[in-house]
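Peer 1: Dumping the structure here so I can ask a few things about it.
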Amino acid sequence: MLIRMDLARIIIRENDEQQIIILKERDGNRQFPIVIGIYEASAIDRRVKGIQTPRPMTHDLMARVIESLDCELEQIVIHDLRDHTFFAKLVIRQNGKLVEVDARPSDAIALGVAGEVPLYVEDKVLNSVT
């Protein structure tokens, strides 16, 4: 079963390579952190705040590619946790069918957050981290 989540917090520590995002259950109280890199944290923060750059950054480029191909990023799913590593997938609608693309959670969230794409976590993953 998929559990709807929201990006609750972005913790950026400029003197540390590891940054943290906190995901919170939309209709509940469970939450958990994901450790990510500074570039991904900055991209998520920039996209949440709607900060534009003179040229497209990587996640902006990916969003434009998806849109240019007449596809829609329908949802992001964090579906597994192995050896302290989260695994995610982009679920993209293309010509009426769904295509799943492997992604790091941080990249998936950076891509989807600007478009308010729904974020889900498999209940087995959520149960293992809360």
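In the structure tokens, the first chain shown is A, the next is B, and so on; residue numbers restart at 1 for each chain, and ligands run from 1 in the order shown.
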What parts of chain A does DSSP call strand (DSSP E)? I'd like the answer as a ChimeraX atom specification.

Peer 2: /A:2-11,18-25,31-37,71-82,85-94,97-103,119-122

Peer 1: Could you please take those selected residues and save C-alpha atoms as an mmCIF file, in the first residue's frame?

Peer 2:
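The result, stored in result.cif:
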```cif
data_model
loop_
_atom_site.group_PDB
_atom_site.id
_atom_site.type_symbol
_atom_site.label_atom_id
_atom_site.label_comp_id
_atom_site.auth_asym_id
_atom_site.auth_seq_id
_atom_site.Cartn_x
_atom_site.Cartn_y
_atom_site.Cartn_z
ATOM 1 C CA LEU A 2 1.182 3.513 -0.792
ATOM 2 C CA ILE A 3 1.190 6.200 1.907
ATOM 3 C CA ARG A 4 0.967 9.841 0.810
ATOM 4 C CA MET A 5 3.828 11.938 2.164
ATOM 5 C CA ASP A 6 4.793 15.592 2.156
ATOM 6 C CA LEU A 7 8.167 17.253 2.224
ATOM 7 C CA ALA A 8 8.094 18.673 5.750
ATOM 8 C CA ARG A 9 11.575 20.135 6.104
ATOM 9 C CA ILE A 10 14.858 20.710 4.351
ATOM 10 C CA ILE A 11 17.863 20.962 6.639
ATOM 11 C CA GLN A 18 25.276 15.447 4.224
ATOM 12 C CA GLN A 19 21.978 17.299 4.228
ATOM 13 C CA ILE A 20 18.601 16.064 5.439
ATOM 14 C CA ILE A 21 15.057 16.186 4.190
ATOM 15 C CA ILE A 22 12.185 15.167 6.423
ATOM 16 C CA LEU A 23 9.159 13.454 4.913
ATOM 17 C CA LYS A 24 5.917 13.443 6.908
ATOM 18 C CA GLU A 25 2.838 11.320 6.465
ATOM 19 C CA GLN A 31 7.903 11.048 9.623
ATOM 20 C CA PHE A 32 11.444 10.099 8.733
ATOM 21 C CA PRO A 33 14.668 11.680 7.477
ATOM 22 C CA ILE A 34 16.562 10.989 4.282
ATOM 23 C CA VAL A 35 20.210 12.002 4.071
ATOM 24 C CA ILE A 36 21.021 13.654 0.740
ATOM 25 C CA GLY A 37 23.807 15.679 -0.843
ATOM 26 C CA CYS A 71 4.487 13.198 -20.792
ATOM 27 C CA GLU A 72 3.420 13.940 -17.247
ATOM 28 C CA LEU A 73 5.205 13.114 -14.029
ATOM 29 C CA GLU A 74 2.263 11.526 -12.246
ATOM 30 C CA GLN A 75 3.818 10.482 -8.958
ATOM 31 C CA ILE A 76 6.983 9.701 -7.062
ATOM 32 C CA VAL A 77 7.208 6.471 -5.093
ATOM 33 C CA ILE A 78 9.870 5.566 -2.546
ATOM 34 C CA HIS A 79 9.491 1.822 -2.802
ATOM 35 C CA ASP A 80 12.440 0.183 -1.065
ATOM 36 C CA LEU A 81 15.104 0.539 1.605
ATOM 37 C CA ARG A 82 18.188 -1.659 1.347
ATOM 38 C CA THR A 85 19.708 3.326 0.958
ATOM 39 C CA PHE A 86 16.252 4.431 -0.218
ATOM 40 C CA PHE A 87 15.073 3.563 -3.721
ATOM 41 C CA ALA A 88 12.517 5.599 -5.635
ATOM 42 C CA LYS A 89 10.838 5.647 -8.994
ATOM 43 C CA LEU A 90 9.268 8.282 -11.155
ATOM 44 C CA VAL A 91 5.870 7.246 -12.486
ATOM 45 C CA ILE A 92 5.433 9.016 -15.808
ATOM 46 C CA ARG A 93 2.308 8.951 -17.957
ATOM 47 C CA GLN A 94 3.183 8.624 -21.632
ATOM 48 C CA LYS A 97 0.344 4.281 -20.203
ATOM 49 C CA LEU A 98 2.514 4.448 -17.112
ATOM 50 C CA VAL A 99 6.283 4.199 -17.345
ATOM 51 C CA GLU A 100 8.412 3.718 -14.232
ATOM 52 C CA VAL A 101 11.914 5.182 -14.121
ATOM 53 C CA ASP A 102 14.435 4.361 -11.375
ATOM 54 C CA ALA A 103 15.571 7.462 -9.464
ATOM 55 C CA LEU A 119 4.898 11.717 -3.210
ATOM 56 C CA TYR A 120 4.255 8.249 -1.818
ATOM 57 C CA VAL A 121 6.160 5.770 0.315
ATOM 58 C CA GLU A 122 5.451 2.057 0.356
#
```

Peer 1: Can you pull out every residue within 10 Å of stretch 42-56 of chain A, counting only C-alpha atoms, but drop anything in the same chain fewer than 3 positions away, and send it as a ChimeraX atom specification?

Peer 2: /A:7,9-12,19,21,37-39,59-64,106-116

Peer 1: Looking only at the backbone, which of the residues in chain A does DSSP tag as alpha helix (DSSP H), as a PyMOL selection string?

Peer 2: chain A and resi 38-49+58-68+105-113+123-129

Peer 1: Include C-alpha atoms and write out the residues we just selected as a PDB file, in the first residue's frame.

Peer 2:
```pdb
ATOM      1  CA  ILE A  38      24.203  19.447  -0.760  1.00  0.00           C
ATOM      2  CA  TYR A  39      23.434  19.859  -4.483  1.00  0.00           C
ATOM      3  CA  GLU A  40      20.179  17.936  -4.228  1.00  0.00           C
ATOM      4  CA  ALA A  41      19.186  19.785  -1.042  1.00  0.00           C
ATOM      5  CA  SER A  42      19.900  23.108  -2.734  1.00  0.00           C
ATOM      6  CA  ALA A  43      17.898  22.074  -5.801  1.00  0.00           C
ATOM      7  CA  ILE A  44      14.919  21.043  -3.672  1.00  0.00           C
ATOM      8  CA  ASP A  45      15.121  24.266  -1.668  1.00  0.00           C
ATOM      9  CA  ARG A  46      15.390  26.398  -4.814  1.00  0.00           C
ATOM     10  CA  ARG A  47      12.438  24.673  -6.487  1.00  0.00           C
ATOM     11  CA  VAL A  48      10.253  24.853  -3.348  1.00  0.00           C
ATOM     12  CA  LYS A  49      10.921  28.590  -3.153  1.00  0.00           C
ATOM     13  CA  THR A  58      19.453  19.654 -14.049  1.00  0.00           C
ATOM     14  CA  HIS A  59      16.042  19.136 -12.441  1.00  0.00           C
ATOM     15  CA  ASP A  60      14.531  21.996 -14.447  1.00  0.00           C
ATOM     16  CA  LEU A  61      15.929  20.407 -17.593  1.00  0.00           C
ATOM     17  CA  MET A  62      14.428  17.013 -16.728  1.00  0.00           C
ATOM     18  CA  ALA A  63      11.034  18.606 -16.063  1.00  0.00           C
ATOM     19  CA  ARG A  64      11.189  20.359 -19.435  1.00  0.00           C
ATOM     20  CA  VAL A  65      12.199  17.150 -21.223  1.00  0.00           C
ATOM     21  CA  ILE A  66       9.266  15.265 -19.702  1.00  0.00           C
ATOM     22  CA  GLU A  67       6.899  18.076 -20.662  1.00  0.00           C
ATOM     23  CA  SER A  68       8.355  18.436 -24.184  1.00  0.00           C
ATOM     24  CA  PRO A 105      14.639   9.922  -3.866  1.00  0.00           C
ATOM     25  CA  SER A 106      16.436  13.273  -3.675  1.00  0.00           C
ATOM     26  CA  ASP A 107      16.405  13.712  -7.457  1.00  0.00           C
ATOM     27  CA  ALA A 108      12.802  12.553  -7.722  1.00  0.00           C
ATOM     28  CA  ILE A 109      11.697  14.997  -5.026  1.00  0.00           C
ATOM     29  CA  ALA A 110      13.690  17.846  -6.580  1.00  0.00           C
ATOM     30  CA  LEU A 111      12.028  17.106  -9.910  1.00  0.00           C
ATOM     31  CA  GLY A 112       8.504  16.779  -8.563  1.00  0.00           C
ATOM     32  CA  VAL A 113       8.338  19.375  -5.809  1.00  0.00           C
ATOM     33  CA  ASP A 123       4.045   1.135   3.760  1.00  0.00           C
ATOM     34  CA  LYS A 124       6.760  -1.523   4.254  1.00  0.00           C
ATOM     35  CA  VAL A 125       9.390   1.215   3.910  1.00  0.00           C
ATOM     36  CA  LEU A 126       7.561   3.605   6.212  1.00  0.00           C
ATOM     37  CA  ASN A 127       7.060   0.859   8.798  1.00  0.00           C
ATOM     38  CA  SER A 128      10.760   0.020   8.758  1.00  0.00           C
ATOM     39  CA  VAL A 129      11.889   3.606   9.436  1.00  0.00           C
TER      40      VAL A 129
END
```
